[in-house]
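Peer 1: Below is one structure. I have some questions about it.
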Amino acid sequence: MQSLKDIVPAAENNINARFILLEKGKATVEGQKKTCLALVADETAAVHFELWGEECDAFEGGDILSLRNGIFSYNRNNNLVLRAGKRGQVQKVGEFSMAFVETPNMSEIRWLPPPHNSSTAAANAYVQDAVVSPHSRIFPPI
Amino acid sequence: MRSKLTKNAIFEADNSLEVSLREAFQLLEPQLRPPFPLKLPTQEDYFNLNKAILCEILCEPHVARVHIKHLHAIVTDGYTYFISMLIKIVNELYAKLVDSVKTQLIWVTREMVNVLGVGFDGLLVALLRQIVGGDFSGGNLWLCFEMVSLFRDKWDCLLEDEPLVLTSALYVFLRLLADHCRLPNDSKVETLKRLEIDFCIRMLREKFGLCLKIGRDLVRLLQDLVHVPEFCSIWKDLLLNPSVFQTDAFLDIPQLYLSRTSSRYFLLRITPEMENQLRFLLTHVKLGNQKRYQVWFAKKFLGFPERETLLSDIVRFICCGHHPPNEIIQSDIIPRWAVIGWLLKSSQRNYVEANVKLALFYDWLFFDEKVDNIMNIEPGILLMINSIPSYVDITRTLLEFLLMLVENYDIERKDVIVKGVSSAFTFLVRKGVVQSLDALTCSDVISPFLKQLFEKIFKDMLASLSERAVASLPLKPISAPS
């Protein structure tokens, strides 16, 4: 299990984390694809989570979710989101009883892509450049 | 176990308890068909066999009788393990159980009462806690009906073996009746109400000694039922003719007033899930961070207007059933008074709001530092004083309500109540929960009328407090009960 503060954008299904769903936006349908943006958080950070298909109606605010093999990357609208993806899985494992913070929000950080031609794996990772907003601009704290 | 125990939604992780039951079943399935092996199982096999049999009883009603016989034959621990598993299922899974499993659960519970299995009283209490206050859905009324019928049918046996479980049931059904009596008449509810009334009246008329064990909250619950003819007559006898209850220990109402109600009764009206969430809120959530948790709690448990009647039960639980240790009191975790302030503001109906305030102040009315706990009255004073800067309306409405209670709650015994509330105020100041009562007695934001009334009622107390202030004793921080 990873803390959300430690997740880094990558084109890999490599995120295993446990977090609480704070708020859900409206679902949108594009062709066959239904998606819904949500705010999730653990004790260390928050992040935008993109629910897909049936996931959109399966989860509610206050649900504690467990993500296996999720992916943290840019979606089609070029927003940085966490999601289960085709190879990952998200499940409800509890409700309510989990502490969380809304700052930092990993989706509200500007990341610098890895430089080309790097030889080591570590140098191949995105690095944090600047904080765009301390908390979600889509789901501000209440 | 071919059928499922719970209605598991997609995207929901398997529950570990259900998984462990299913695994035990898969492991021992061959042993669940006659002829049953005669050799004594090892301890581990014994537990697994208990689980496997429990699975079959709950999931396969048509063969339940065979399996219960099997259980009776193999049991060597007085059903301790079997009943402990049943209690776990009720506490952790009840709301998710498939309807046919719930029916079986009641059936097997009756069996456990029949054989006086060790811990069956705990099982009955666990089931009573699953009856949700202010929930008039078919499933919840069904559970009420099943439980009150069980208590009626097993009366003699319960009286002999676990009489206190009858006291618990009385607390629950008195409380539920107050809600059920507000429902519009329909034949199903009428039948249920009749059973509940009959059970409660039988307890009060025949076993008053057991009823007394509830303590002062018995009076609070009976007051809500005074419009029901049977309870009106009980009420008259309590006031005018206490000897008809044929209980030597009972002399008069003030005696009940002065006996504090144990927190286990308040837990009876809170489901384990509610209890867990409230305790989490009051143990882990920082003041200022509580809003999302409050939204979730309200959506889940207070989502319908009828559910509001739960508020007074929750406030009784927070005052008397959840006493945080000093580390929490001195930390930045949301205090109890702030949660109660939120609950008070969530009520939309006047009678609910009045009941919530009564729940908050009930121990004040009869406070005696020898029997009462300062933690039970602490939220009331802190809510009044701490609301002055931003929510002075709460301070005013609470203070007014408290003074009206003193004046009107029991006119015949006003002296008892003046004494109780005076003792409460004095003790709170003496223990340093608040530095003084000046914020209530001298503040400009409190109306002159309330201040005068306060001074009139509590003249003696205010005089003795000011003498004490002159002596200027050092103030000690509040300490939680050990």
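Here's how to read the names in the structure tokens: chain A, B, ... by the order shown, residue numbers from 1 in each chain, ligand numbers from 1 in the order shown.
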Residues within 10 Å of range 57-67 of chain A, please, as an NGL selection string. Count only C-alpha atoms; anything in the same chain fewer than 6 positions from it doesn't count.
Peer 2: (:A and (1 or 15-24 or 27 or 36 or 38-42 or 51 or 82-84 or 88-98)) or (:B and (9-13 or 292-293 or 295-297 or 299-300))
Peer 1: Keeping only N, CA and C atoms, write the selected residues as a short mmCIF file (atom, residue, chain, number, x, y, z; two decimals), in the first residue's frame.
Peer 2:
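Once written, out.cif looks like this:
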```cif
data_model
loop_
_atom_site.label_atom_id
_atom_site.label_comp_id
_atom_site.auth_asym_id
_atom_site.auth_seq_id
_atom_site.Cartn_x
_atom_site.Cartn_y
_atom_site.Cartn_z
N MET A 1 0.84 -1.21 0.00
CA MET A 1 0.00 0.00 0.00
C MET A 1 0.87 1.26 0.00
N ILE A 15 -0.26 1.56 -8.86
CA ILE A 15 -0.68 2.20 -7.60
C ILE A 15 -1.57 1.26 -6.79
N ASN A 16 -1.14 1.00 -5.56
CA ASN A 16 -1.96 0.24 -4.60
C ASN A 16 -2.17 1.14 -3.40
N ALA A 17 -3.42 1.50 -3.14
CA ALA A 17 -3.67 2.46 -2.06
C ALA A 17 -5.06 2.27 -1.47
N ARG A 18 -5.23 2.86 -0.30
CA ARG A 18 -6.51 2.79 0.40
C ARG A 18 -6.87 4.22 0.75
N PHE A 19 -8.10 4.62 0.43
CA PHE A 19 -8.48 6.02 0.66
C PHE A 19 -9.99 6.14 0.85
N ILE A 20 -10.41 7.33 1.25
CA ILE A 20 -11.84 7.55 1.48
C ILE A 20 -12.37 8.51 0.42
N LEU A 21 -13.57 8.20 -0.08
CA LEU A 21 -14.16 9.03 -1.12
C LEU A 21 -14.86 10.22 -0.45
N LEU A 22 -14.40 11.44 -0.77
CA LEU A 22 -14.97 12.61 -0.10
C LEU A 22 -16.17 13.17 -0.84
N GLU A 23 -16.08 13.21 -2.16
CA GLU A 23 -17.14 13.86 -2.92
C GLU A 23 -17.13 13.35 -4.35
N LYS A 24 -18.31 13.33 -4.95
CA LYS A 24 -18.43 12.83 -6.31
C LYS A 24 -19.03 13.93 -7.18
N ALA A 27 -21.79 12.47 -13.30
CA ALA A 27 -21.26 11.54 -14.29
C ALA A 27 -21.44 12.13 -15.69
N CYS A 36 -16.91 9.62 -14.11
CA CYS A 36 -17.35 10.51 -13.05
C CYS A 36 -16.12 10.87 -12.22
N ALA A 38 -14.15 12.20 -8.97
CA ALA A 38 -14.39 12.21 -7.53
C ALA A 38 -13.13 12.69 -6.81
N LEU A 39 -13.34 13.14 -5.57
CA LEU A 39 -12.20 13.52 -4.73
C LEU A 39 -12.00 12.42 -3.71
N VAL A 40 -10.79 11.89 -3.64
CA VAL A 40 -10.48 10.87 -2.63
C VAL A 40 -9.26 11.35 -1.84
N ALA A 41 -9.10 10.79 -0.63
CA ALA A 41 -7.98 11.24 0.20
C ALA A 41 -7.60 10.18 1.22
N ASP A 42 -6.36 10.20 1.66
CA ASP A 42 -5.96 9.40 2.81
C ASP A 42 -5.35 10.35 3.84
N LEU A 51 -13.87 7.70 -11.79
CA LEU A 51 -14.67 6.47 -11.75
C LEU A 51 -15.12 6.17 -13.18
N LEU A 82 -6.25 9.72 -10.85
CA LEU A 82 -6.00 8.33 -10.46
C LEU A 82 -7.22 7.53 -10.92
N ARG A 83 -7.02 6.33 -11.40
CA ARG A 83 -8.15 5.48 -11.77
C ARG A 83 -7.72 4.03 -11.74
N ALA A 84 -8.71 3.13 -11.77
CA ALA A 84 -8.38 1.71 -11.74
C ALA A 84 -7.81 1.28 -13.08
N GLY A 88 -6.61 -2.57 -13.43
CA GLY A 88 -6.69 -2.39 -11.98
C GLY A 88 -8.08 -2.68 -11.45
N GLN A 89 -8.20 -2.60 -10.12
CA GLN A 89 -9.50 -2.89 -9.52
C GLN A 89 -9.71 -2.00 -8.30
N VAL A 90 -10.92 -1.47 -8.17
CA VAL A 90 -11.24 -0.68 -6.97
C VAL A 90 -12.43 -1.31 -6.28
N GLN A 91 -12.34 -1.45 -4.94
CA GLN A 91 -13.39 -2.11 -4.17
C GLN A 91 -13.70 -1.31 -2.92
N LYS A 92 -14.96 -1.40 -2.50
CA LYS A 92 -15.33 -0.77 -1.23
C LYS A 92 -14.94 -1.72 -0.10
N VAL A 93 -14.20 -1.19 0.88
CA VAL A 93 -13.78 -2.05 2.00
C VAL A 93 -14.29 -1.56 3.34
N GLY A 94 -14.97 -0.42 3.36
CA GLY A 94 -15.47 0.07 4.63
C GLY A 94 -16.19 1.39 4.43
N GLU A 95 -16.49 2.05 5.55
CA GLU A 95 -17.18 3.33 5.50
C GLU A 95 -16.71 4.23 6.62
N PHE A 96 -16.61 5.49 6.38
CA PHE A 96 -16.55 6.54 7.38
C PHE A 96 -15.26 6.63 8.21
N SER A 97 -14.87 5.49 8.79
CA SER A 97 -13.85 5.55 9.84
C SER A 97 -12.44 5.62 9.26
N MET A 98 -12.09 6.72 8.66
CA MET A 98 -10.75 6.92 8.15
C MET A 98 -10.46 8.42 8.17
N ALA B 9 -22.87 -6.05 -2.70
CA ALA B 9 -22.95 -5.24 -3.92
C ALA B 9 -21.71 -5.50 -4.77
N ILE B 10 -21.85 -5.23 -6.09
CA ILE B 10 -20.64 -5.33 -6.92
C ILE B 10 -19.67 -4.26 -6.43
N PHE B 11 -18.42 -4.48 -6.62
CA PHE B 11 -17.37 -3.55 -6.16
C PHE B 11 -17.25 -3.52 -4.64
N GLU B 12 -17.87 -4.48 -3.96
CA GLU B 12 -17.71 -4.51 -2.51
C GLU B 12 -16.83 -5.69 -2.15
N ALA B 13 -15.82 -5.45 -1.33
CA ALA B 13 -14.92 -6.52 -0.95
C ALA B 13 -15.67 -7.55 -0.11
N ARG B 292 -17.48 17.02 6.65
CA ARG B 292 -17.80 15.93 5.71
C ARG B 292 -18.33 14.71 6.47
N TYR B 293 -17.72 14.43 7.64
CA TYR B 293 -18.19 13.29 8.43
C TYR B 293 -19.64 13.52 8.87
N VAL B 295 -21.91 15.25 7.33
CA VAL B 295 -22.78 15.06 6.16
C VAL B 295 -23.03 13.57 5.93
N TRP B 296 -21.97 12.77 6.01
CA TRP B 296 -22.12 11.32 5.76
C TRP B 296 -22.98 10.69 6.84
N PHE B 297 -22.72 11.04 8.08
CA PHE B 297 -23.49 10.45 9.18
C PHE B 297 -24.97 10.79 9.01
N LYS B 299 -26.57 11.66 6.33
CA LYS B 299 -27.18 11.04 5.15
C LYS B 299 -27.53 9.58 5.45
N LYS B 300 -26.64 8.92 6.16
CA LYS B 300 -26.86 7.50 6.41
C LYS B 300 -27.91 7.24 7.48
#
```
Peer 1: As a PyMOL selection string, please: every residue in range 35-114 of chain A that DSSP puts in helix (DSSP H, G or I).
Peer 2: chain A and resi 55-58+106-108
Peer 1: Using only N, CA and C atoms, please write the residues we just selected to a file, as an mmCIF file, in the first residue's frame.
Peer 2:
```cif
data_model
loop_
_atom_site.group_PDB
_atom_site.id
_atom_site.type_symbol
_atom_site.label_atom_id
_atom_site.label_comp_id
_atom_site.auth_asym_id
_atom_site.auth_seq_id
_atom_site.Cartn_x
_atom_site.Cartn_y
_atom_site.Cartn_z
ATOM 1 N N GLU A 55 -18.674 1.796 -11.824
ATOM 2 C CA GLU A 55 -18.065 2.356 -10.604
ATOM 3 C C GLU A 55 -18.749 3.665 -10.210
ATOM 4 N N CYS A 56 -19.247 4.402 -11.241
ATOM 5 C CA CYS A 56 -19.811 5.735 -10.981
ATOM 6 C C CYS A 56 -20.954 5.681 -9.964
ATOM 7 N N ASP A 57 -21.810 4.639 -10.069
ATOM 8 C CA ASP A 57 -22.959 4.556 -9.150
ATOM 9 C C ASP A 57 -22.681 3.675 -7.943
ATOM 10 N N ALA A 58 -21.575 2.927 -7.977
ATOM 11 C CA ALA A 58 -21.338 1.946 -6.915
ATOM 12 C C ALA A 58 -20.817 2.602 -5.634
ATOM 13 N N MET A 106 -2.716 15.810 -5.099
ATOM 14 C CA MET A 106 -1.710 15.375 -6.072
ATOM 15 C C MET A 106 -2.106 15.724 -7.508
ATOM 16 N N SER A 107 -3.422 15.939 -7.724
ATOM 17 C CA SER A 107 -3.868 16.336 -9.067
ATOM 18 C C SER A 107 -3.689 17.831 -9.301
ATOM 19 N N GLU A 108 -3.443 18.575 -8.246
ATOM 20 C CA GLU A 108 -3.277 20.022 -8.358
ATOM 21 C C GLU A 108 -1.799 20.409 -8.267
#
```
Peer 1: As a PyMOL selection string, please: the residues near Ile138 in chain A (cut-off 9 Å, only C-alpha atoms, same-chain neighbours under 2 positions excluded).
Peer 2: chain A and resi 25+39+135-136+140
Peer 1: Keeping C-alpha atoms, export the residues of the selection given above as an mmCIF file, in the first residue's frame.
Peer 2:
```
data_model
loop_
_atom_site.group_PDB
_atom_site.id
_atom_site.type_symbol
_atom_site.label_atom_id
_atom_site.label_comp_id
_atom_site.auth_asym_id
_atom_site.auth_seq_id
_atom_site.Cartn_x
_atom_site.Cartn_y
_atom_site.Cartn_z
ATOM 1 C CA GLY A 25 -19.130 15.047 -9.324
ATOM 2 C CA LEU A 39 -12.201 13.520 -4.734
ATOM 3 C CA HIS A 135 -6.563 21.809 -2.466
ATOM 4 C CA SER A 136 -8.941 20.629 -5.168
ATOM 5 C CA PRO A 140 -13.117 22.778 -2.528
#
```
Peer 1: Mind pulling up the distance from CA of Leu281 in chain B to CA of Val165 in chain B?
Peer 2: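 Spanning CA of Val165 in chain B to CA of Leu281 in chain B is a straight-line distance of 29.9 Å.
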Peer 1: Please provide the set of residues having any atom within 10 Å of range 452-454 of chain B, restricted to only C-alpha atoms, with same-chain residues fewer than 4 positions apart removed, written as a PyMOL selection string.
Peer 2: chain B and resi 399-400+402-404+407+440-441+447-448+458-459+462
Peer 1: What parts of range 25-90 of chain A does DSSP call strand (DSSP E or B)? I'd like the answer as a PyMOL selection string.
Peer 2: chain A and resi 25-30+33-41+46-52+63-74+80-83+89-90
Peer 1: Given only C-alpha atoms as the basis, pick out the residue of B:Ala52, B:Met203, B:Leu282, B:Leu450 nearest to Leu159 in chain B.
Peer 2: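 Of all the options, B:Met203 lies closest to Leu159 in chain B.
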Peer 1: Between A:Pro141, A:Pro104, A:Pro9, A:Pro114, which is the closest to Tyr74 in chain A once you count only C-alpha atoms?
Peer 2: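 Distance minimum relative to Tyr74 in chain A lands on A:Pro9.
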Peer 1: Name all residues at most 10 Å from Trp364 in chain B (count only C-alpha atoms; drop same-chain ones fewer than 3 positions away) and give them as an MDAnalysis selection string.
Peer 2: chainID B and resid 358:361 367:368 372 374 376:378 380:381 402 406 417:425
Peer 1: Looking at B:Arg205, B:Arg33, B:Lys291, B:Arg175, which one is nearest to chain A, with distances taken over only C-alpha atoms?
Peer 2: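 Going through B:Arg205, B:Arg33, B:Lys291, B:Arg175 one by one, the smallest distance to chain A is for B:Lys291.
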Peer 1: Enumerate, in order of chain and increasing residue number, the residues of range 105-183 of chain B with an atom no farther than 8 Å from range 68-79 of chain B, each with its shortest atom pair and distance in Å to one decimal, counting only C-alpha atoms, as a Markdown table.
Peer 2:
```
| residue | atom | partner | partner_atom | distance |
| --- | --- | --- | --- | --- |
| B:Met112 | CA | B:Tyr79 | CA | 7.9 |
| B:Gly117 | CA | B:Tyr79 | CA | 5.1 |
| B:Val118 | CA | B:Gly78 | CA | 5.6 |
```
Peer 1: Please report the interatomic distance between CA of Cys211 in chain B and CA of Leu127 in chain B in Å with one decimal.
Peer 2: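 Separating CA of Cys211 in chain B from CA of Leu127 in chain B is a distance of 20.2 Å.
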Peer 1: When you draw a straight line from CA of Leu177 in chain B to CA of Glu160 in chain B, how long is it in Å?
Peer 2: 25.7 Å
Peer 1: B:Ile411, B:Phe449, B:Ile457, B:Tyr351: which is nearest Arg396 in chain B, counting only C-alpha atoms?
Peer 2: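 The answer is B:Phe449, which sits nearest to Arg396 in chain B.
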Peer 1: If you count only C-alpha atoms, which residues fall within 8 Å of Ile214 in chain B, apart from same-chain ones fewer than 4 positions away, as an NGL selection string?
Peer 2: :B and (167 or 171 or 210 or 218 or 261-262 or 265)
Peer 1: Generate a file of the selected residues that holds N, CA and C atoms, formatted as a JSON list (two decimals), in the first residue's frame.
Peer 2:
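To be explicit, this is the file written out as part29.json:
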```json
[["chain", "number", "residue", "atom", "x", "y", "z"],
["B", 167, "THR", "N", -35.23, -6.36, 31.30],
["B", 167, "THR", "CA", -35.11, -4.93, 31.57],
["B", 167, "THR", "C", -34.61, -4.20, 30.32],
["B", 171, "TYR", "N", -36.59, -1.25, 28.08],
["B", 171, "TYR", "CA", -36.05, 0.05, 27.65],
["B", 171, "TYR", "C", -36.27, 0.24, 26.15],
["B", 210, "LEU", "N", -37.63, -5.17, 38.44],
["B", 210, "LEU", "CA", -36.70, -5.22, 37.30],
["B", 210, "LEU", "C", -36.70, -3.90, 36.53],
["B", 218, "LEU", "N", -36.11, 5.71, 33.01],
["B", 218, "LEU", "CA", -37.43, 5.07, 32.93],
["B", 218, "LEU", "C", -38.52, 6.14, 32.97],
["B", 261, "THR", "N", -28.98, 6.20, 35.31],
["B", 261, "THR", "CA", -29.18, 5.12, 34.35],
["B", 261, "THR", "C", -27.83, 4.68, 33.77],
["B", 262, "SER", "N", -27.62, 3.38, 33.77],
["B", 262, "SER", "CA", -26.35, 2.84, 33.25],
["B", 262, "SER", "C", -26.26, 3.08, 31.74],
["B", 265, "TYR", "N", -27.90, 1.01, 28.73],
["B", 265, "TYR", "CA", -29.25, 1.21, 28.18],
["B", 265, "TYR", "C", -29.22, 2.16, 26.99]]
```
Peer 1: Using only C-alpha atoms, pick whichever of A:Leu80, A:Ala125, A:Val131, A:Ile142 has the shortest atom-to-atom distance to chain B.
Peer 2: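 Of all the options, A:Ile142 lies closest to chain B.
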Peer 1: Pick from B:Leu251, B:Val445, B:Ile87, B:Leu278: nearest to chain A, with only C-alpha atoms counted?
Peer 2: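 Checking each candidate against chain A, we get B:Leu278 as the closest.
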